[in-house]
Amino acid sequence: MKIPELADIRTAHSVIEKFIHRTPVLTSKQLNSIFGCELYFKCENFQKVGAFKFRGATNAVLSLTDEQKKNGVVTHSSGNHAAALALAARMNGIKAYIVMPETAPAVKKDAVAGYGALITFCKPTLKAREETCRAIIEKEGATLVHPYDNFNVICGQGTASLELIEEIGEPDIIVAPVGGGGLLSGTSACTKGISKKISVIGAEPLNANDAWQSYKSGVLFPSNNPVTIADGLLTSLSELTFSVIRKNVDDIFTATEESIISSMMLVWERMKIIIEPSSATALAIISENPEFFRGKRTGIIISGGNVDLRKLPF
């Protein structure tokens, strides 16, 4: 199992930088005052498709051989990765086959279709997703690009923290949300490659705390029907992401649903930017662990801003 290193992330950045947005780093004196620390928000809500996922999908697509490119890429996803892979493939003239559950929200189905992907719908179970993916691979010869259990995807996700540190210098702490662990793996590999002194903290909903349980026990713990507003953080770690996180991450903190919602609303109100609940989890753990962060220069990876505006939690 190949573990991503800083050199791999630097290479990924050189490959993808002309395709991605170099997203802004925003600050807020009001939020600094409220939380008692210096906060630097790396705003991947302004990335193409509205999420950091475009970095990893682009790196994966550009890492394909010419033969693989002819046959296209395939994944199963109903969220940001589906849109990211569809757009990355289209921008590079490659077919994208996306397996989506038939219960996926219409807005997500429309977005993926709008990026030119060939969508196959299936029953809303992991078994159905994987079986449908396998059938497409057998028929079309497409290459599977997993949302997070993929070396090139992880390297692409790590480029967000690379840009953050290039812009603000070395912070004391960097916080990233964790679901399947692609973002936290890339963030931690990049950050620890730059300086072992920077603490890397994962942020996870208390109601979906399988990564926290895995990290604390040292045994990979599967996600078991979690119920959280942070719908981007429902998946389990893979062996690859768990290995990277165990090697590089200093701790994982959890946050309640109430903290996630109030943190999301606070950013909307004070910073005037749209972030999704998964992103707000990173600020929520700071609100619940004030002593750990007090007085520290803290970078936060805002993972995305894709929200159904007709179903806001506040």
# chains A, B, ... in the order shown; residues from 1 in each chain; ligands from 1
call {"tool": "select_by_dssp", "arguments": {"residues": "region 17-134 of chain A", "states": "helix (DSSP H, G or I)", "output": "MDAnalysis selection string"}}
result
chainID A and resid 29:35 44:46 48:50 53:62 66:71 80:91 106:114 126:134
call {"tool": "closest_atom_pairs", "arguments": {"of": "region 164-221 of chain A", "to": "region 33-52 of chain A", "cutoff": "10 Å", "atoms": "only C-alpha atoms", "output": "JSON lines"}}
result
{"residue": "A:Leu164", "atom": "CA", "partner": "A:Lys42", "partner_atom": "CA", "distance": 6.3}
{"residue": "A:Ile165", "atom": "CA", "partner": "A:Lys42", "partner_atom": "CA", "distance": 9.8}
{"residue": "A:Glu167", "atom": "CA", "partner": "A:Lys42", "partner_atom": "CA", "distance": 9.9}
{"residue": "A:Ile168", "atom": "CA", "partner": "A:Tyr40", "partner_atom": "CA", "distance": 8.1}
{"residue": "A:Pro171", "atom": "CA", "partner": "A:Tyr40", "partner_atom": "CA", "distance": 9.0}
{"residue": "A:Asp172", "atom": "CA", "partner": "A:Glu38", "partner_atom": "CA", "distance": 9.8}
{"residue": "A:Ile173", "atom": "CA", "partner": "A:Leu39", "partner_atom": "CA", "distance": 9.7}
{"residue": "A:Ile174", "atom": "CA", "partner": "A:Tyr40", "partner_atom": "CA", "distance": 9.2}
{"residue": "A:Val175", "atom": "CA", "partner": "A:Phe41", "partner_atom": "CA", "distance": 9.8}
{"residue": "A:Leu183", "atom": "CA", "partner": "A:Phe52", "partner_atom": "CA", "distance": 8.0}
call {"tool": "residues_around", "arguments": {"residues": "Val74 (chain A)", "least_positions_apart": "5", "cutoff": "6 Å", "atoms": "only C-alpha atoms", "output": "list in words"}}
result
Ala96, Tyr97, Ile98, Ala142, Thr143 and Leu144 of chain A
call {"tool": "write_last_selection", "arguments": {"atoms": "C-alpha atoms", "output": "compact mmCIF listing (two decimals), in the first residue's frame"}}
result
# COMPACT_ATOMS: atom_id res chain seq x y z
CA ALA A 96 -17.52 9.44 -17.20
CA TYR A 97 -19.91 6.70 -16.08
CA ILE A 98 -21.59 7.63 -12.80
CA ALA A 142 -13.70 1.97 -17.56
CA THR A 143 -11.28 2.71 -14.71
CA LEU A 144 -12.76 2.98 -11.22
call {"tool": "closest_residue", "arguments": {"among": "A:Asn92, A:Lys53, A:Asn32, A:Thr298", "to": "Arg270 (chain A)", "atoms": "only C-alpha atoms"}}
result
A:Asn32
call {"tool": "closest_residue", "arguments": {"among": "A:Leu6, A:Ala160, A:Leu240, A:Ala12", "to": "Ile302 (chain A)", "atoms": "only C-alpha atoms"}}
result
A:Ala160
call {"tool": "closest_residue", "arguments": {"among": "A:Ile252, A:Gly141, A:Arg246, A:Ile3", "to": "Val219 (chain A)", "atoms": "only C-alpha atoms"}}
result
A:Arg246
call {"tool": "residues_around", "arguments": {"residues": "Met100 (chain A)", "least_positions_apart": "5", "cutoff": "9 Å", "atoms": "only C-alpha atoms", "output": "ChimeraX atom specification"}}
result
/A:75-79,82,109,119-124,129
call {"tool": "write_last_selection", "arguments": {"atoms": "C-alpha atoms", "output": "PDB file, in the first residue's frame"}}
result
ATOM      1  CA  THR A  75     -17.537   5.744  -9.873  1.00  0.00           C
ATOM      2  CA  HIS A  76     -20.526   5.346  -7.592  1.00  0.00           C
ATOM      3  CA  SER A  77     -21.560   8.524  -5.798  1.00  0.00           C
ATOM      4  CA  SER A  78     -24.603  10.688  -5.270  1.00  0.00           C
ATOM      5  CA  GLY A  79     -22.675  13.693  -4.019  1.00  0.00           C
ATOM      6  CA  ALA A  82     -19.913  12.404  -8.794  1.00  0.00           C
ATOM      7  CA  LYS A 109     -28.874  14.164 -10.636  1.00  0.00           C
ATOM      8  CA  ILE A 119     -25.646   8.103 -15.383  1.00  0.00           C
ATOM      9  CA  THR A 120     -26.825   4.636 -14.403  1.00  0.00           C
ATOM     10  CA  PHE A 121     -29.346   4.526 -11.570  1.00  0.00           C
ATOM     11  CA  CYS A 122     -29.457   1.685  -9.053  1.00  0.00           C
ATOM     12  CA  LYS A 123     -31.121   0.695  -5.792  1.00  0.00           C
ATOM     13  CA  PRO A 124     -29.919   2.775  -2.799  1.00  0.00           C
ATOM     14  CA  ARG A 129     -23.795   0.498  -6.310  1.00  0.00           C
TER      15      ARG A 129
END
call {"tool": "residues_around", "arguments": {"residues": "Phe242 (chain A)", "least_positions_apart": "6", "cutoff": "9 Å", "atoms": "only C-alpha atoms", "output": "MDAnalysis selection string"}}
result
chainID A and resid 180:181 185 211 214:215 220
call {"tool": "residues_around", "arguments": {"residues": "Asn152 (chain A)", "least_positions_apart": "3", "cutoff": "12 Å", "atoms": "only C-alpha atoms", "output": "VMD selection string"}}
result
chain A and resid 2 to 5 8 to 13 15 to 16 53 55 to 64 144 to 149 155 to 159 182 to 183 185 to 186 240
call {"tool": "write_last_selection", "arguments": {"atoms": "C-alpha atoms", "output": "tab-separated table (two decimals), in the first residue's frame"}}
result
chain	number	residue	atom	x	y	z
A	2	LYS	CA	1.58	3.26	-1.17
A	3	ILE	CA	1.20	6.09	1.35
A	4	PRO	CA	1.08	9.67	-0.04
A	5	GLU	CA	3.99	11.96	0.85
A	8	ASP	CA	3.46	13.35	-4.30
A	9	ILE	CA	1.15	16.22	-3.32
A	10	ARG	CA	3.49	18.82	-4.81
A	11	THR	CA	3.53	16.79	-8.04
A	12	ALA	CA	-0.25	16.59	-8.02
A	13	HIS	CA	-0.48	20.36	-7.60
A	15	VAL	CA	-0.44	18.67	-12.64
A	16	ILE	CA	-3.83	20.11	-11.67
A	53	LYS	CA	-13.46	16.95	-4.49
A	55	ARG	CA	-8.90	18.51	-6.89
A	56	GLY	CA	-8.70	14.76	-6.34
A	57	ALA	CA	-10.93	13.87	-9.28
A	58	THR	CA	-8.83	16.01	-11.62
A	59	ASN	CA	-5.57	14.49	-10.42
A	60	ALA	CA	-6.99	10.98	-10.86
A	61	VAL	CA	-8.18	11.71	-14.40
A	62	LEU	CA	-4.88	13.30	-15.43
A	63	SER	CA	-2.96	10.34	-13.98
A	64	LEU	CA	-4.64	7.85	-16.34
A	144	LEU	CA	-12.76	2.98	-11.22
A	145	VAL	CA	-12.02	6.29	-9.48
A	146	HIS	CA	-13.07	5.77	-5.87
A	147	PRO	CA	-14.13	8.90	-3.94
A	148	TYR	CA	-11.32	8.47	-1.37
A	149	ASP	CA	-9.75	4.99	-1.50
A	155	CYS	CA	-2.78	13.51	-3.38
A	156	GLY	CA	-5.13	15.91	-5.16
A	157	GLN	CA	-7.08	16.63	-1.98
A	158	GLY	CA	-3.84	17.46	-0.16
A	159	THR	CA	-3.19	20.38	-2.48
A	182	GLY	CA	-9.56	11.43	1.58
A	183	LEU	CA	-9.35	15.11	2.58
A	185	SER	CA	-5.39	11.99	4.62
A	186	GLY	CA	-4.18	14.43	1.98
A	240	LEU	CA	-5.60	3.34	2.87
call {"tool": "closest_residue", "arguments": {"among": "A:Thr132, A:Ser161, A:Asn150, A:Asn71", "to": "Val200 (chain A)", "atoms": "only C-alpha atoms"}}
result
A:Ser161
call {"tool": "closest_residue", "arguments": {"among": "A:Leu309, A:Ala280, A:Ala135, A:Leu162", "to": "Thr23 (chain A)", "atoms": "only C-alpha atoms"}}
result
A:Leu162
call {"tool": "residues_around", "arguments": {"residues": "Ala255 (chain A)", "least_positions_apart": "2", "cutoff": "12 Å", "atoms": "only C-alpha atoms", "output": "ChimeraX atom specification"}}
result
/A:177-178,202-209,212,228-230,252-253,257-263,277-289
call {"tool": "write_last_selection", "arguments": {"atoms": "N, CA and C atoms", "output": "compact mmCIF listing (two decimals), in the first residue's frame"}}
result
# COMPACT_ATOMS: atom_id res chain seq x y z
N PRO A 177 -12.46 18.32 7.97
CA PRO A 177 -13.52 17.34 8.23
C PRO A 177 -13.09 15.95 7.79
N VAL A 178 -13.70 14.91 8.38
CA VAL A 178 -13.37 13.54 7.99
C VAL A 178 -14.65 12.71 7.83
N GLY A 202 -8.69 16.09 12.92
CA GLY A 202 -9.88 15.74 12.15
C GLY A 202 -11.13 16.18 12.87
N ALA A 203 -12.15 16.55 12.11
CA ALA A 203 -13.43 17.00 12.67
C ALA A 203 -14.55 16.10 12.16
N GLU A 204 -15.31 15.55 13.08
CA GLU A 204 -16.32 14.55 12.71
C GLU A 204 -17.59 14.75 13.53
N PRO A 205 -18.76 14.52 12.95
CA PRO A 205 -20.00 14.59 13.74
C PRO A 205 -20.02 13.50 14.82
N LEU A 206 -20.48 13.85 15.99
CA LEU A 206 -20.63 12.87 17.05
C LEU A 206 -21.55 11.74 16.62
N ASN A 207 -22.55 12.06 15.81
CA ASN A 207 -23.52 11.07 15.36
C ASN A 207 -23.00 10.16 14.24
N ALA A 208 -21.78 10.44 13.78
CA ALA A 208 -21.17 9.61 12.72
C ALA A 208 -19.67 9.48 13.03
N ASN A 209 -19.40 8.98 14.25
CA ASN A 209 -18.04 9.06 14.79
C ASN A 209 -17.20 7.80 14.57
N TRP A 212 -13.46 8.55 14.53
CA TRP A 212 -12.98 8.77 15.90
C TRP A 212 -12.78 7.44 16.61
N THR A 228 -26.83 12.21 10.55
CA THR A 228 -26.26 13.52 10.83
C THR A 228 -26.61 14.47 9.69
N ILE A 229 -26.69 15.75 10.03
CA ILE A 229 -26.93 16.76 9.01
C ILE A 229 -25.75 16.90 8.07
N ALA A 230 -24.56 16.48 8.53
CA ALA A 230 -23.34 16.58 7.72
C ALA A 230 -23.29 15.40 6.74
N ILE A 252 -8.63 13.33 16.53
CA ILE A 252 -9.93 13.56 15.90
C ILE A 252 -10.89 13.99 17.00
N PHE A 253 -11.56 15.13 16.79
CA PHE A 253 -12.56 15.63 17.72
C PHE A 253 -13.94 15.49 17.08
N GLU A 257 -24.70 17.81 16.69
CA GLU A 257 -25.51 18.39 15.61
C GLU A 257 -25.81 19.86 15.88
N GLU A 258 -26.07 20.17 17.15
CA GLU A 258 -26.39 21.56 17.51
C GLU A 258 -25.20 22.49 17.22
N SER A 259 -23.99 22.03 17.54
CA SER A 259 -22.80 22.83 17.29
C SER A 259 -22.55 23.01 15.79
N ILE A 260 -22.79 21.94 15.03
CA ILE A 260 -22.58 22.01 13.59
C ILE A 260 -23.53 23.03 12.96
N ILE A 261 -24.80 22.99 13.36
CA ILE A 261 -25.80 23.91 12.81
C ILE A 261 -25.50 25.35 13.21
N SER A 262 -25.16 25.56 14.48
CA SER A 262 -24.89 26.93 14.93
C SER A 262 -23.60 27.48 14.29
N SER A 263 -22.62 26.63 14.07
CA SER A 263 -21.38 27.08 13.42
C SER A 263 -21.63 27.43 11.95
N PRO A 277 -23.01 21.78 5.89
CA PRO A 277 -22.82 21.29 7.26
C PRO A 277 -21.50 20.54 7.47
N SER A 278 -21.06 19.78 6.49
CA SER A 278 -19.79 19.05 6.63
C SER A 278 -18.64 20.01 6.90
N SER A 279 -18.64 21.15 6.20
CA SER A 279 -17.61 22.17 6.41
C SER A 279 -17.71 22.77 7.81
N ALA A 280 -18.95 23.00 8.25
CA ALA A 280 -19.17 23.63 9.55
C ALA A 280 -18.69 22.76 10.70
N THR A 281 -18.56 21.46 10.47
CA THR A 281 -18.08 20.56 11.51
C THR A 281 -16.69 20.96 11.99
N ALA A 282 -15.86 21.49 11.09
CA ALA A 282 -14.51 21.91 11.46
C ALA A 282 -14.53 23.06 12.45
N LEU A 283 -15.44 24.01 12.26
CA LEU A 283 -15.56 25.12 13.21
C LEU A 283 -16.25 24.66 14.49
N ALA A 284 -17.18 23.71 14.35
CA ALA A 284 -17.93 23.22 15.51
C ALA A 284 -17.01 22.57 16.54
N ILE A 285 -15.98 21.84 16.09
CA ILE A 285 -15.09 21.21 17.08
C ILE A 285 -14.26 22.26 17.82
N ILE A 286 -14.02 23.40 17.16
CA ILE A 286 -13.31 24.48 17.84
C ILE A 286 -14.20 25.08 18.92
N SER A 287 -15.48 25.22 18.61
CA SER A 287 -16.41 25.78 19.60
C SER A 287 -16.54 24.87 20.81
N GLU A 288 -16.37 23.54 20.62
CA GLU A 288 -16.53 22.58 21.71
C GLU A 288 -15.22 22.29 22.46
N ASN A 289 -14.10 22.76 21.91
CA ASN A 289 -12.79 22.53 22.55
C ASN A 289 -12.00 23.82 22.61
call {"tool": "select_by_dssp", "arguments": {"residues": "region 52-290 of chain A", "states": "strand (DSSP E or B)", "output": "number ranges by chain"}}
result
A: 73-76, 96-101, 118-122, 143-144, 173-177, 199-205, 251-255
call {"tool": "write_last_selection", "arguments": {"atoms": "N, CA and C atoms", "output": "compact mmCIF listing (two decimals), in the first residue's frame"}}
result
# COMPACT_ATOMS: atom_id res chain seq x y z
N VAL A 73 -13.86 6.67 -17.21
CA VAL A 73 -13.80 6.45 -15.76
C VAL A 73 -15.20 6.15 -15.23
N VAL A 74 -15.23 5.47 -14.09
CA VAL A 74 -16.52 5.14 -13.47
C VAL A 74 -16.40 5.31 -11.96
N THR A 75 -17.49 5.71 -11.34
CA THR A 75 -17.54 5.74 -9.87
C THR A 75 -18.98 5.60 -9.44
N HIS A 76 -19.17 5.31 -8.15
CA HIS A 76 -20.53 5.35 -7.59
C HIS A 76 -20.56 6.43 -6.53
N ALA A 96 -17.33 9.71 -18.63
CA ALA A 96 -17.52 9.44 -17.20
C ALA A 96 -18.82 8.68 -17.01
N TYR A 97 -18.73 7.50 -16.42
CA TYR A 97 -19.91 6.70 -16.08
C TYR A 97 -20.15 6.84 -14.57
N ILE A 98 -21.29 7.39 -14.21
CA ILE A 98 -21.59 7.63 -12.80
C ILE A 98 -22.77 6.77 -12.37
N VAL A 99 -22.56 5.95 -11.35
CA VAL A 99 -23.63 5.16 -10.78
C VAL A 99 -24.22 5.94 -9.60
N MET A 100 -25.51 6.22 -9.68
CA MET A 100 -26.18 7.00 -8.64
C MET A 100 -27.40 6.22 -8.12
N PRO A 101 -27.66 6.29 -6.81
CA PRO A 101 -28.89 5.68 -6.31
C PRO A 101 -30.10 6.41 -6.85
N LEU A 118 -22.54 9.96 -18.08
CA LEU A 118 -23.50 8.91 -18.42
C LEU A 118 -23.94 8.26 -17.11
N ILE A 119 -25.17 8.53 -16.70
CA ILE A 119 -25.65 8.10 -15.38
C ILE A 119 -26.39 6.78 -15.49
N THR A 120 -26.06 5.87 -14.57
CA THR A 120 -26.82 4.64 -14.40
C THR A 120 -27.40 4.65 -13.00
N PHE A 121 -28.71 4.52 -12.88
CA PHE A 121 -29.35 4.53 -11.57
C PHE A 121 -29.45 3.11 -11.02
N CYS A 122 -29.38 2.99 -9.70
CA CYS A 122 -29.46 1.68 -9.05
C CYS A 122 -30.23 1.80 -7.74
N THR A 143 -12.12 2.76 -15.91
CA THR A 143 -11.28 2.71 -14.71
C THR A 143 -12.05 3.28 -13.52
N LEU A 144 -12.08 2.52 -12.43
CA LEU A 144 -12.76 2.98 -11.22
C LEU A 144 -11.96 4.09 -10.55
N ILE A 173 -2.15 24.85 13.94
CA ILE A 173 -3.10 23.75 13.78
C ILE A 173 -3.77 23.85 12.42
N ILE A 174 -4.04 22.71 11.81
CA ILE A 174 -4.93 22.65 10.65
C ILE A 174 -6.04 21.65 10.95
N VAL A 175 -7.27 22.07 10.67
CA VAL A 175 -8.45 21.22 10.91
C VAL A 175 -9.10 20.89 9.57
N ALA A 176 -9.45 19.61 9.39
CA ALA A 176 -10.18 19.19 8.20
C ALA A 176 -11.29 18.23 8.60
N PRO A 177 -12.46 18.32 7.97
CA PRO A 177 -13.52 17.34 8.23
C PRO A 177 -13.09 15.95 7.79
N SER A 199 -0.02 20.79 14.26
CA SER A 199 -0.99 19.76 14.67
C SER A 199 -2.07 19.62 13.61
N VAL A 200 -2.41 18.39 13.25
CA VAL A 200 -3.48 18.12 12.29
C VAL A 200 -4.62 17.44 13.04
N ILE A 201 -5.80 18.06 12.99
CA ILE A 201 -6.97 17.58 13.73
C ILE A 201 -8.10 17.27 12.76
N GLY A 202 -8.69 16.09 12.92
CA GLY A 202 -9.88 15.74 12.15
C GLY A 202 -11.13 16.18 12.87
N ALA A 203 -12.15 16.55 12.11
CA ALA A 203 -13.43 17.00 12.67
C ALA A 203 -14.55 16.10 12.16
N GLU A 204 -15.31 15.55 13.08
CA GLU A 204 -16.32 14.55 12.71
C GLU A 204 -17.59 14.75 13.53
N PRO A 205 -18.76 14.52 12.95
CA PRO A 205 -20.00 14.59 13.74
C PRO A 205 -20.02 13.50 14.82
N ASP A 251 -5.10 14.11 16.29
CA ASP A 251 -6.31 13.74 17.04
C ASP A 251 -7.52 13.95 16.15
N ILE A 252 -8.63 13.33 16.53
CA ILE A 252 -9.93 13.56 15.90
C ILE A 252 -10.89 13.99 17.00
N PHE A 253 -11.56 15.13 16.79
CA PHE A 253 -12.56 15.63 17.72
C PHE A 253 -13.94 15.49 17.08
N THR A 254 -14.96 15.34 17.91
CA THR A 254 -16.33 15.25 17.41
C THR A 254 -17.15 16.46 17.84
N ALA A 255 -18.23 16.69 17.12
CA ALA A 255 -19.11 17.83 17.41
C ALA A 255 -20.57 17.39 17.34
